[in-house]
Amino acid sequence: MSTHEPEAPPLSITAHWFLPTYGDSRGLVGGGHGMAAAAAGTPREASLGYLAQIARAAETVGFEGALTPTGAWCEDAWLTTAMLAAESERLKFLVAFRPGGTSPTLAAQMGATFQRHSGGRLLVNVVTGGEPSEQRAYGDFLDKDDRYTRTGEFLDVVRRLWAGEEVTLEGEQVHVEGAKLERVPDPVPPIYFGGSSAKAGEVAAKHVDVYLTWGEPPEQVQEKITWIRKLAAEEGREVRFGIRLHVITRDTSDAAWAQAEELLRGIPDHMIENVQAGLSKSESVGQQRMRSLHDGGAKTAADLEVSPNLWAGVGLVRGGAGTALVGSHAEVADRMAEYHDLGITEFVLSGHPHLEEAYWVGEGPLAELGRRGLWTPAAGSEAARALHAPAASVPFAGSAR
């Protein structure tokens with residue numbers, strides 16, 4: 001008899017949306033890396049009212065949480081999400097922040113406070129750093145490797161404080177003495193983190209709950225999962241995996257690709273050249289991997305399909321996540337299921353504009369994944385309640401003689 005135990009079935013998909021705290025548009029919104037916000041479309045101000053509309057839409061269709069970015073080009077994520085917690089009911093907030101901007105003790109205290117006042121709705125996305133010029137603007141002059149060392153030490157302190165320990169650490173970059181929280185968070189917020197360099201892998205293996213990758217083709221994502229899983233096992237840990245993707249989904253594949261083509265037509269050639277010139281200087285390994293997918297441009301949207309239904313056009317005019325799933329609802333669901341088969345259980349999704357596209361994604365591919373048993377709407381959402389509601393009657397449908 002074989003002593004090999006079968007692997008546990010993969011966890012069902014958890015889906016998160018995105019809050020564009022730099023502004024929104026019907027085109028590909030700018031932001032970061034020197035690109036003017038909303039330069040590629042009619043702008044929508046990132047007001048609290050508009051972001052609250054997006055948050056409520058996301059929780060209506062069943063998203064678990066929503067990511068907020070961090071950087072000089074957007075509103076502060078901690079303050080914005082703290083305000084939005086009062087404007088929403090159950091949506092969680094995946095708050096991005098950089099360890100160089102605050103002490104680990106203060107960050108741990110902020111996280112604990114957020115959990116208490118929001119009813120446990122905090123998820124933490126740790127971003128080691130942006131580009132050197134932006135880091136220096138915030139008073140951070142560490143080089144890339146030292147920033148990752150600081151991130152590891154920072155997370156060590158935060159984790160121990162959240163566990164109720166008193167912490168003294170004389171690290172290479174982080175120094176605290178007699179640090180302790182009066183009240184620890186309950187539940188402890190999960191830590192999300194991404195990075196493609198060797199130093200990033202070390203941090204992920206030792207400290208994080210969810211490793212995030214940008215939307216690369218499946219074979220490249222598989223390599224990352226294998227890499228991080230091995231490093232985590234060497235630390236005696238297990239890590240969950242997530243992916244950050246834009247989505248263009250419509251009732252038919254032709255309609256989705258027509259929308260991608262429309263987005264591409266709205267981008268002037270000089271804008272692509274300017275943005276790519278800036279991104280070419282990036283220190284980020286992940287950013288260079290994104291740039292390698294599109295090679296600076298193409299004549300049509302279809303030319304930028306780098307894997308079935310995976311479109312690299314977004315990366316022409318923005319840094320960070322630069323790919324989108326494009327296709328019919330069933331096709332997008334197929335691709336998400338393919339990533340899920342590799343080990344991806346968390347999807348951080350977005351679309352332009354984020355208000356309307358939350359409904360397209362929630363009512364399209366997510367609903368299709370629900371029918372396949374791969375996704376369940378977040379508890380308390382209207383989408384979850386609809387699963388158990390009786391079929392709506394049609395007025396006068398049975399009255400004809």
# chains A, B, ... in the order shown; residues from 1 in each chain; ligands from 1
>>> select_by_dssp(residues="stretch 101-230 of chain A", states="helix (DSSP H, G or I)", output="ChimeraX atom specification")
/A:101,104-118,132-137,144-162,198-207,218-230
>>> residues_around(residues="A:Val176", least_positions_apart="4", cutoff="10 Å", atoms="only C-alpha atoms", output="number ranges by chain")
A: 103-105, 154, 157, 167-171
>>> select_by_dssp(residues="stretch 95-249 of chain A", states="strand (DSSP E)", output="ChimeraX atom specification")
/A:95-97,122-126,167-170,175-179,191-194,210-214,240-249
>>> residues_around(residues="A:Leu310", least_positions_apart="4", cutoff="9 Å", atoms="only C-alpha atoms", output="PDB file with all heavy atoms, in the first residue's frame")
ATOM      1  N   GLY A 215       1.064  39.887 -13.500  1.00  0.00           N
ATOM      2  CA  GLY A 215       0.442  38.944 -14.420  1.00  0.00           C
ATOM      3  C   GLY A 215       1.323  38.517 -15.577  1.00  0.00           C
ATOM      4  O   GLY A 215       1.126  38.951 -16.718  1.00  0.00           O
ATOM      5  N   GLU A 216       2.257  37.645 -15.323  1.00  0.00           N
ATOM      6  CA  GLU A 216       3.099  37.086 -16.370  1.00  0.00           C
ATOM      7  C   GLU A 216       2.425  35.854 -16.970  1.00  0.00           C
ATOM      8  O   GLU A 216       1.458  35.316 -16.406  1.00  0.00           O
ATOM      9  CB  GLU A 216       4.462  36.733 -15.782  1.00  0.00           C
ATOM     10  CG  GLU A 216       5.211  37.951 -15.234  1.00  0.00           C
ATOM     11  CD  GLU A 216       6.558  37.588 -14.617  1.00  0.00           C
ATOM     12  OE1 GLU A 216       6.917  36.401 -14.610  1.00  0.00           O
ATOM     13  OE2 GLU A 216       7.245  38.507 -14.126  1.00  0.00           O
ATOM     14  N   PRO A 217       2.899  35.370 -18.115  1.00  0.00           N
ATOM     15  CA  PRO A 217       2.344  34.140 -18.689  1.00  0.00           C
ATOM     16  C   PRO A 217       2.436  32.978 -17.707  1.00  0.00           C
ATOM     17  O   PRO A 217       3.305  32.955 -16.831  1.00  0.00           O
ATOM     18  CB  PRO A 217       3.221  33.910 -19.922  1.00  0.00           C
ATOM     19  CG  PRO A 217       3.679  35.280 -20.322  1.00  0.00           C
ATOM     20  CD  PRO A 217       3.894  35.998 -19.010  1.00  0.00           C
ATOM     21  N   LEU A 304      -0.190  42.490 -29.032  1.00  0.00           N
ATOM     22  CA  LEU A 304       0.303  42.500 -27.659  1.00  0.00           C
ATOM     23  C   LEU A 304      -0.271  41.359 -26.825  1.00  0.00           C
ATOM     24  O   LEU A 304      -0.133  41.359 -25.603  1.00  0.00           O
ATOM     25  CB  LEU A 304      -0.041  43.843 -27.001  1.00  0.00           C
ATOM     26  CG  LEU A 304       0.737  45.052 -27.543  1.00  0.00           C
ATOM     27  CD1 LEU A 304       0.057  46.351 -27.140  1.00  0.00           C
ATOM     28  CD2 LEU A 304       2.169  45.035 -27.042  1.00  0.00           C
ATOM     29  N   GLU A 305      -0.877  40.383 -27.475  1.00  0.00           N
ATOM     30  CA  GLU A 305      -1.346  39.196 -26.764  1.00  0.00           C
ATOM     31  C   GLU A 305      -0.149  38.266 -26.575  1.00  0.00           C
ATOM     32  O   GLU A 305       0.308  37.614 -27.507  1.00  0.00           O
ATOM     33  CB  GLU A 305      -2.461  38.498 -27.529  1.00  0.00           C
ATOM     34  CG  GLU A 305      -3.096  37.352 -26.746  1.00  0.00           C
ATOM     35  CD  GLU A 305      -4.231  36.664 -27.508  1.00  0.00           C
ATOM     36  OE1 GLU A 305      -4.327  36.860 -28.737  1.00  0.00           O
ATOM     37  OE2 GLU A 305      -5.013  35.934 -26.870  1.00  0.00           O
ATOM     38  N   VAL A 306       0.374  38.208 -25.369  1.00  0.00           N
ATOM     39  CA  VAL A 306       1.635  37.504 -25.108  1.00  0.00           C
ATOM     40  C   VAL A 306       1.422  36.065 -24.658  1.00  0.00           C
ATOM     41  O   VAL A 306       2.375  35.297 -24.543  1.00  0.00           O
ATOM     42  CB  VAL A 306       2.474  38.265 -24.067  1.00  0.00           C
ATOM     43  CG1 VAL A 306       2.879  39.638 -24.605  1.00  0.00           C
ATOM     44  CG2 VAL A 306       1.724  38.423 -22.751  1.00  0.00           C
ATOM     45  N   THR A 323      -0.288  43.929 -17.348  1.00  0.00           N
ATOM     46  CA  THR A 323      -1.003  43.004 -18.223  1.00  0.00           C
ATOM     47  C   THR A 323      -2.470  42.902 -17.822  1.00  0.00           C
ATOM     48  O   THR A 323      -2.836  43.134 -16.670  1.00  0.00           O
ATOM     49  CB  THR A 323      -0.389  41.593 -18.180  1.00  0.00           C
ATOM     50  OG1 THR A 323      -0.321  41.155 -16.814  1.00  0.00           O
ATOM     51  CG2 THR A 323       0.989  41.571 -18.804  1.00  0.00           C
ATOM     52  N   ALA A 324      -3.290  42.539 -18.804  1.00  0.00           N
ATOM     53  CA  ALA A 324      -4.722  42.381 -18.582  1.00  0.00           C
ATOM     54  C   ALA A 324      -5.195  41.070 -19.189  1.00  0.00           C
ATOM     55  O   ALA A 324      -4.707  40.652 -20.242  1.00  0.00           O
ATOM     56  CB  ALA A 324      -5.497  43.542 -19.212  1.00  0.00           C
ATOM     57  N   LEU A 325      -6.147  40.441 -18.532  1.00  0.00           N
ATOM     58  CA  LEU A 325      -6.864  39.332 -19.142  1.00  0.00           C
ATOM     59  C   LEU A 325      -7.958  39.916 -20.026  1.00  0.00           C
ATOM     60  O   LEU A 325      -8.756  40.741 -19.568  1.00  0.00           O
ATOM     61  CB  LEU A 325      -7.488  38.433 -18.071  1.00  0.00           C
ATOM     62  CG  LEU A 325      -6.515  37.677 -17.170  1.00  0.00           C
ATOM     63  CD1 LEU A 325      -7.285  36.853 -16.144  1.00  0.00           C
ATOM     64  CD2 LEU A 325      -5.595  36.773 -17.994  1.00  0.00           C
ATOM     65  N   VAL A 326      -7.980  39.518 -21.294  1.00  0.00           N
ATOM     66  CA  VAL A 326      -8.925  40.064 -22.264  1.00  0.00           C
ATOM     67  C   VAL A 326      -9.703  38.919 -22.896  1.00  0.00           C
ATOM     68  O   VAL A 326      -9.104  37.961 -23.399  1.00  0.00           O
ATOM     69  CB  VAL A 326      -8.208  40.866 -23.372  1.00  0.00           C
ATOM     70  CG1 VAL A 326      -9.228  41.446 -24.353  1.00  0.00           C
ATOM     71  CG2 VAL A 326      -7.358  41.983 -22.761  1.00  0.00           C
ATOM     72  N   GLY A 327     -11.025  39.018 -22.888  1.00  0.00           N
ATOM     73  CA  GLY A 327     -11.814  37.992 -23.547  1.00  0.00           C
ATOM     74  C   GLY A 327     -13.245  37.970 -23.066  1.00  0.00           C
ATOM     75  O   GLY A 327     -13.684  38.839 -22.288  1.00  0.00           O
ATOM     76  N   ARG A 335      -8.817  31.401 -18.022  1.00  0.00           N
ATOM     77  CA  ARG A 335      -7.441  31.790 -17.708  1.00  0.00           C
ATOM     78  C   ARG A 335      -7.233  31.873 -16.195  1.00  0.00           C
ATOM     79  O   ARG A 335      -6.180  31.499 -15.684  1.00  0.00           O
ATOM     80  CB  ARG A 335      -7.111  33.134 -18.374  1.00  0.00           C
ATOM     81  CG  ARG A 335      -7.206  33.161 -19.873  1.00  0.00           C
ATOM     82  CD  ARG A 335      -6.091  32.388 -20.561  1.00  0.00           C
ATOM     83  NE  ARG A 335      -6.298  30.949 -20.594  1.00  0.00           N
ATOM     84  CZ  ARG A 335      -7.141  30.327 -21.444  1.00  0.00           C
ATOM     85  NH1 ARG A 335      -7.873  31.007 -22.297  1.00  0.00           N
ATOM     86  NH2 ARG A 335      -7.246  29.018 -21.415  1.00  0.00           N
TER      87      ARG A 335
END
>>> residues_around(residues="stretch 363-376 of chain A", least_positions_apart="2", cutoff="6 Å", atoms="only C-alpha atoms", output="PDB file with N, CA and C atoms, in the first residue's frame")
ATOM      1  N   SER A  12     -10.252  27.568  -2.739  1.00  0.00           N
ATOM      2  CA  SER A  12     -11.043  28.282  -3.730  1.00  0.00           C
ATOM      3  C   SER A  12     -10.476  29.681  -3.927  1.00  0.00           C
ATOM      4  N   ILE A  13     -10.873  30.312  -4.994  1.00  0.00           N
ATOM      5  CA  ILE A  13     -10.342  31.615  -5.369  1.00  0.00           C
ATOM      6  C   ILE A  13     -10.879  32.712  -4.457  1.00  0.00           C
ATOM      7  N   HIS A 329     -16.414  36.406 -20.893  1.00  0.00           N
ATOM      8  CA  HIS A 329     -16.432  36.036 -19.482  1.00  0.00           C
ATOM      9  C   HIS A 329     -15.920  34.606 -19.288  1.00  0.00           C
ATOM     10  N   VAL A 332     -12.005  34.586 -19.823  1.00  0.00           N
ATOM     11  CA  VAL A 332     -11.289  35.135 -18.671  1.00  0.00           C
ATOM     12  C   VAL A 332     -11.358  34.150 -17.498  1.00  0.00           C
ATOM     13  N   ALA A 333     -12.524  33.546 -17.295  1.00  0.00           N
ATOM     14  CA  ALA A 333     -12.650  32.539 -16.236  1.00  0.00           C
ATOM     15  C   ALA A 333     -11.722  31.359 -16.495  1.00  0.00           C
ATOM     16  N   TYR A 359     -18.453  45.762 -11.877  1.00  0.00           N
ATOM     17  CA  TYR A 359     -19.650  44.975 -12.190  1.00  0.00           C
ATOM     18  C   TYR A 359     -19.398  44.007 -13.346  1.00  0.00           C
ATOM     19  N   TRP A 360     -18.676  44.447 -14.379  1.00  0.00           N
ATOM     20  CA  TRP A 360     -18.365  43.545 -15.492  1.00  0.00           C
ATOM     21  C   TRP A 360     -17.630  42.297 -14.986  1.00  0.00           C
ATOM     22  N   VAL A 361     -16.635  42.514 -14.130  1.00  0.00           N
ATOM     23  CA  VAL A 361     -15.830  41.383 -13.642  1.00  0.00           C
ATOM     24  C   VAL A 361     -16.622  40.529 -12.659  1.00  0.00           C
TER      25      VAL A 361
END
>>> atom_distance(atom1="atom CA of A:Glu235", atom2="atom CA of A:Ala205")
6.7 Å
>>> atom_distance(atom1="atom CA of A:Thr128", atom2="atom CA of A:Leu349")
21.1 Å
>>> residues_around(residues="A:Thr151", least_positions_apart="3", cutoff="9 Å", atoms="only C-alpha atoms", output="ChimeraX atom specification")
/A:98-100,126-128,146-148,154-156,173-174,203
>>> atom_distance(atom1="atom CA of A:Tyr50", atom2="atom CA of A:Ala258")
26.9 Å
